[in-house]
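Q: Sharing a structure here in structure tokens format.
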Amino acid sequence: QVQLVESGGGLVQAGGSLRLSCAGSGHANSIYARAWFRQIPGKEREFVASIRWSGSIIDYADSVKGRFTISEDNAKNTVDLQMNSLRREETAVYYCAAKRRFHPIHNKRSTKDYDCWGQGIQVTVSS
């Protein structure tokens, strides 16, 4: 079993920056993909960014390209999300996700592609 714990959320003014971190523990050696999603109450969880195969494949949602940066440290089992120029509409609960080798393959932007999830952390962007 893999446990994921997010940190770094909080309140920030529009245009500001936050850095989210996600630490993995447990049987994390089989993880080859990590991602961040976010969810606004009443809406589906949406893809933000992913990184896989030791950084050889990185993907961003169009809405965050150029502002967000995903990075990982496989030795420490961590994945970070640096968020710059934050917008009010990006207020949401942000979730860390991971995919292990034996998990079935789905669209890499789908929640179905990931089998391990953190509890989520609130990010609030104020005007």
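Please note that chains go A, B, ... in the order of the structure tokens, that every chain numbers its residues from 1, and that ligands are numbered from 1 in the order shown.
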Using only C-alpha atoms, what does the table of stretch 17-84 of chain A residues within 8 Å of stretch 104-116 of chain A look like, with each row giving the shortest atom pair and its distance in Å to one decimal, sorted by chain and ascending number, as JSON lines?

A:
{"residue": "A:Arg45", "atom": "CA", "partner": "A:Thr111", "partner_atom": "CA", "distance": 7.5}
{"residue": "A:Glu46", "atom": "CA", "partner": "A:Thr111", "partner_atom": "CA", "distance": 7.9}
{"residue": "A:Phe47", "atom": "CA", "partner": "A:Arg109", "partner_atom": "CA", "distance": 5.6}
{"residue": "A:Ser50", "atom": "CA", "partner": "A:Arg109", "partner_atom": "CA", "distance": 7.9}

Q: For stretch 73-80 of chain A, find every residue with an atom within 8 Å (counting only C-alpha atoms), except residues of its own chain fewer than 6 positions away, and show them as an NGL selection string.

A: :A and (19-25 or 28 or 34-35 or 54)

Q: Excluding A:Asn84 and residues on its chain fewer than 5 positions from it, collect all residues at most 12 Å away from it, counting only C-alpha atoms, and give them as a PyMOL selection string.

A: chain A and resi 12-20+64-70+90+125

Q: List every residue of stretch 65-120 of chain A that DSSP, applied to the backbone, labels as strand (DSSP E or B), and write the result as a list in words.

A: Phe68, Thr69, Ile70, Ser71, Glu72, Asp73, Thr78, Val79, Asp80, Leu81, Gln82, Met83, Ala92, Val93, Tyr94, Tyr95, Cys96, Ala97, Ala98, Lys99, Arg100, Cys116 and Trp117 of chain A

Q: Those same residues, written as a PDB file, in the first residue's frame with N, CA, C and O atoms?

A:
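Full text of selection07.pdb as output:
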ATOM      1  N   PHE A  68       2.590  26.772 -14.018  1.00  0.00           N
ATOM      2  CA  PHE A  68       2.823  25.705 -13.052  1.00  0.00           C
ATOM      3  C   PHE A  68       3.986  24.836 -13.519  1.00  0.00           C
ATOM      4  O   PHE A  68       4.190  24.626 -14.723  1.00  0.00           O
ATOM      5  N   THR A  69       4.719  24.303 -12.530  1.00  0.00           N
ATOM      6  CA  THR A  69       5.811  23.382 -12.846  1.00  0.00           C
ATOM      7  C   THR A  69       5.741  22.190 -11.910  1.00  0.00           C
ATOM      8  O   THR A  69       5.703  22.355 -10.685  1.00  0.00           O
ATOM      9  N   ILE A  70       5.716  21.000 -12.494  1.00  0.00           N
ATOM     10  CA  ILE A  70       5.726  19.774 -11.704  1.00  0.00           C
ATOM     11  C   ILE A  70       7.137  19.212 -11.692  1.00  0.00           C
ATOM     12  O   ILE A  70       7.847  19.262 -12.699  1.00  0.00           O
ATOM     13  N   SER A  71       7.543  18.685 -10.542  1.00  0.00           N
ATOM     14  CA  SER A  71       8.866  18.076 -10.425  1.00  0.00           C
ATOM     15  C   SER A  71       8.785  16.939  -9.424  1.00  0.00           C
ATOM     16  O   SER A  71       7.874  16.897  -8.593  1.00  0.00           O
ATOM     17  N   GLU A  72       9.723  16.033  -9.499  1.00  0.00           N
ATOM     18  CA  GLU A  72       9.715  14.898  -8.584  1.00  0.00           C
ATOM     19  C   GLU A  72      11.123  14.562  -8.130  1.00  0.00           C
ATOM     20  O   GLU A  72      12.109  14.921  -8.772  1.00  0.00           O
ATOM     21  N   ASP A  73      11.176  13.891  -7.009  1.00  0.00           N
ATOM     22  CA  ASP A  73      12.422  13.343  -6.492  1.00  0.00           C
ATOM     23  C   ASP A  73      12.138  11.888  -6.175  1.00  0.00           C
ATOM     24  O   ASP A  73      11.539  11.575  -5.149  1.00  0.00           O
ATOM     25  N   THR A  78       8.857  12.008  -3.626  1.00  0.00           N
ATOM     26  CA  THR A  78       8.094  13.239  -3.522  1.00  0.00           C
ATOM     27  C   THR A  78       7.790  13.808  -4.909  1.00  0.00           C
ATOM     28  O   THR A  78       8.529  13.563  -5.865  1.00  0.00           O
ATOM     29  N   VAL A  79       6.711  14.536  -4.982  1.00  0.00           N
ATOM     30  CA  VAL A  79       6.380  15.284  -6.190  1.00  0.00           C
ATOM     31  C   VAL A  79       5.885  16.652  -5.765  1.00  0.00           C
ATOM     32  O   VAL A  79       5.102  16.769  -4.822  1.00  0.00           O
ATOM     33  N   ASP A  80       6.389  17.673  -6.421  1.00  0.00           N
ATOM     34  CA  ASP A  80       6.037  19.047  -6.083  1.00  0.00           C
ATOM     35  C   ASP A  80       5.286  19.704  -7.240  1.00  0.00           C
ATOM     36  O   ASP A  80       5.438  19.299  -8.401  1.00  0.00           O
ATOM     37  N   LEU A  81       4.530  20.721  -6.882  1.00  0.00           N
ATOM     38  CA  LEU A  81       3.855  21.530  -7.891  1.00  0.00           C
ATOM     39  C   LEU A  81       4.080  22.994  -7.539  1.00  0.00           C
ATOM     40  O   LEU A  81       3.542  23.483  -6.541  1.00  0.00           O
ATOM     41  N   GLN A  82       4.900  23.659  -8.321  1.00  0.00           N
ATOM     42  CA  GLN A  82       5.124  25.087  -8.143  1.00  0.00           C
ATOM     43  C   GLN A  82       4.063  25.818  -8.954  1.00  0.00           C
ATOM     44  O   GLN A  82       3.966  25.639 -10.163  1.00  0.00           O
ATOM     45  N   MET A  83       3.288  26.641  -8.259  1.00  0.00           N
ATOM     46  CA  MET A  83       2.183  27.341  -8.902  1.00  0.00           C
ATOM     47  C   MET A  83       2.439  28.844  -8.835  1.00  0.00           C
ATOM     48  O   MET A  83       2.527  29.410  -7.739  1.00  0.00           O
ATOM     49  N   ALA A  92      -9.321  25.587  -5.035  1.00  0.00           N
ATOM     50  CA  ALA A  92      -9.789  24.208  -5.121  1.00  0.00           C
ATOM     51  C   ALA A  92      -9.054  23.369  -4.088  1.00  0.00           C
ATOM     52  O   ALA A  92      -8.108  23.832  -3.449  1.00  0.00           O
ATOM     53  N   VAL A  93      -9.500  22.141  -3.968  1.00  0.00           N
ATOM     54  CA  VAL A  93      -8.725  21.149  -3.229  1.00  0.00           C
ATOM     55  C   VAL A  93      -7.805  20.464  -4.237  1.00  0.00           C
ATOM     56  O   VAL A  93      -8.276  19.976  -5.279  1.00  0.00           O
ATOM     57  N   TYR A  94      -6.538  20.450  -3.942  1.00  0.00           N
ATOM     58  CA  TYR A  94      -5.543  19.857  -4.827  1.00  0.00           C
ATOM     59  C   TYR A  94      -5.160  18.476  -4.297  1.00  0.00           C
ATOM     60  O   TYR A  94      -4.881  18.308  -3.105  1.00  0.00           O
ATOM     61  N   TYR A  95      -5.147  17.512  -5.217  1.00  0.00           N
ATOM     62  CA  TYR A  95      -4.854  16.130  -4.866  1.00  0.00           C
ATOM     63  C   TYR A  95      -3.600  15.643  -5.564  1.00  0.00           C
ATOM     64  O   TYR A  95      -3.400  15.874  -6.760  1.00  0.00           O
ATOM     65  N   CYS A  96      -2.800  14.938  -4.807  1.00  0.00           N
ATOM     66  CA  CYS A  96      -1.637  14.249  -5.345  1.00  0.00           C
ATOM     67  C   CYS A  96      -2.081  12.835  -5.727  1.00  0.00           C
ATOM     68  O   CYS A  96      -2.887  12.216  -5.024  1.00  0.00           O
ATOM     69  N   ALA A  97      -1.563  12.329  -6.834  1.00  0.00           N
ATOM     70  CA  ALA A  97      -1.908  10.983  -7.285  1.00  0.00           C
ATOM     71  C   ALA A  97      -0.659  10.265  -7.777  1.00  0.00           C
ATOM     72  O   ALA A  97       0.312  10.897  -8.201  1.00  0.00           O
ATOM     73  N   ALA A  98      -0.718   8.945  -7.725  1.00  0.00           N
ATOM     74  CA  ALA A  98       0.403   8.139  -8.211  1.00  0.00           C
ATOM     75  C   ALA A  98      -0.126   6.899  -8.900  1.00  0.00           C
ATOM     76  O   ALA A  98      -1.227   6.403  -8.591  1.00  0.00           O
ATOM     77  N   LYS A  99       0.676   6.423  -9.838  1.00  0.00           N
ATOM     78  CA  LYS A  99       0.291   5.221 -10.604  1.00  0.00           C
ATOM     79  C   LYS A  99       1.388   4.188 -10.455  1.00  0.00           C
ATOM     80  O   LYS A  99       2.572   4.477 -10.679  1.00  0.00           O
ATOM     81  N   ARG A 100       0.977   2.995 -10.086  1.00  0.00           N
ATOM     82  CA  ARG A 100       1.932   1.906  -9.961  1.00  0.00           C
ATOM     83  C   ARG A 100       1.949   1.063 -11.232  1.00  0.00           C
ATOM     84  O   ARG A 100       1.010   1.081 -12.020  1.00  0.00           O
ATOM     85  N   CYS A 116      -3.388   5.566  -6.585  1.00  0.00           N
ATOM     86  CA  CYS A 116      -3.061   6.018  -5.232  1.00  0.00           C
ATOM     87  C   CYS A 116      -3.365   7.515  -5.144  1.00  0.00           C
ATOM     88  O   CYS A 116      -2.996   8.281  -6.048  1.00  0.00           O
ATOM     89  N   TRP A 117      -4.002   7.907  -4.053  1.00  0.00           N
ATOM     90  CA  TRP A 117      -4.426   9.295  -3.907  1.00  0.00           C
ATOM     91  C   TRP A 117      -4.137   9.814  -2.505  1.00  0.00           C
ATOM     92  O   TRP A 117      -4.250   9.078  -1.515  1.00  0.00           O
TER      93      TRP A 117
END

Q: Quick one, how far is atom CA of A:Gly118 from atom CA of A:Gln1?

A: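 The value is 12.4 Å.
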
Q: Using backbone DSSP assignments, extract all helix (DSSP H, G or I) residues from stretch 52-127 of chain A; output them as JSON, numbers by chain.

A: {"A": [88, 89, 90, 111, 112, 113]}

Q: Suppose we keep N, CA and C atoms; can you now write the selection as an mmCIF file, in the first residue's frame?

A:
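Result written to out00.cif:
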data_model
loop_
_atom_site.group_PDB
_atom_site.id
_atom_site.type_symbol
_atom_site.label_atom_id
_atom_site.label_comp_id
_atom_site.auth_asym_id
_atom_site.auth_seq_id
_atom_site.Cartn_x
_atom_site.Cartn_y
_atom_site.Cartn_z
ATOM 1 N N ARG A 88 -8.023 33.427 -9.128
ATOM 2 C CA ARG A 88 -9.101 33.140 -8.169
ATOM 3 C C ARG A 88 -9.800 31.839 -8.510
ATOM 4 N N GLU A 89 -10.008 31.600 -9.801
ATOM 5 C CA GLU A 89 -10.755 30.405 -10.205
ATOM 6 C C GLU A 89 -9.977 29.113 -9.974
ATOM 7 N N GLU A 90 -8.730 29.243 -9.514
ATOM 8 C CA GLU A 90 -7.944 28.054 -9.213
ATOM 9 C C GLU A 90 -8.059 27.662 -7.740
ATOM 10 N N THR A 111 -8.560 10.498 -13.985
ATOM 11 C CA THR A 111 -8.354 10.014 -12.614
ATOM 12 C C THR A 111 -8.220 8.498 -12.589
ATOM 13 N N LYS A 112 -8.788 7.822 -13.578
ATOM 14 C CA LYS A 112 -8.742 6.364 -13.610
ATOM 15 C C LYS A 112 -7.324 5.828 -13.818
ATOM 16 N N ASP A 113 -6.450 6.680 -14.326
ATOM 17 C CA ASP A 113 -5.095 6.207 -14.607
ATOM 18 C C ASP A 113 -4.243 6.107 -13.353
#

Q: Measuring between only C-alpha atoms, which one of A:Val5, A:Ile40, A:Ala49, A:Ala33 shows the shortest distance to A:Val123?

A: A:Ile40
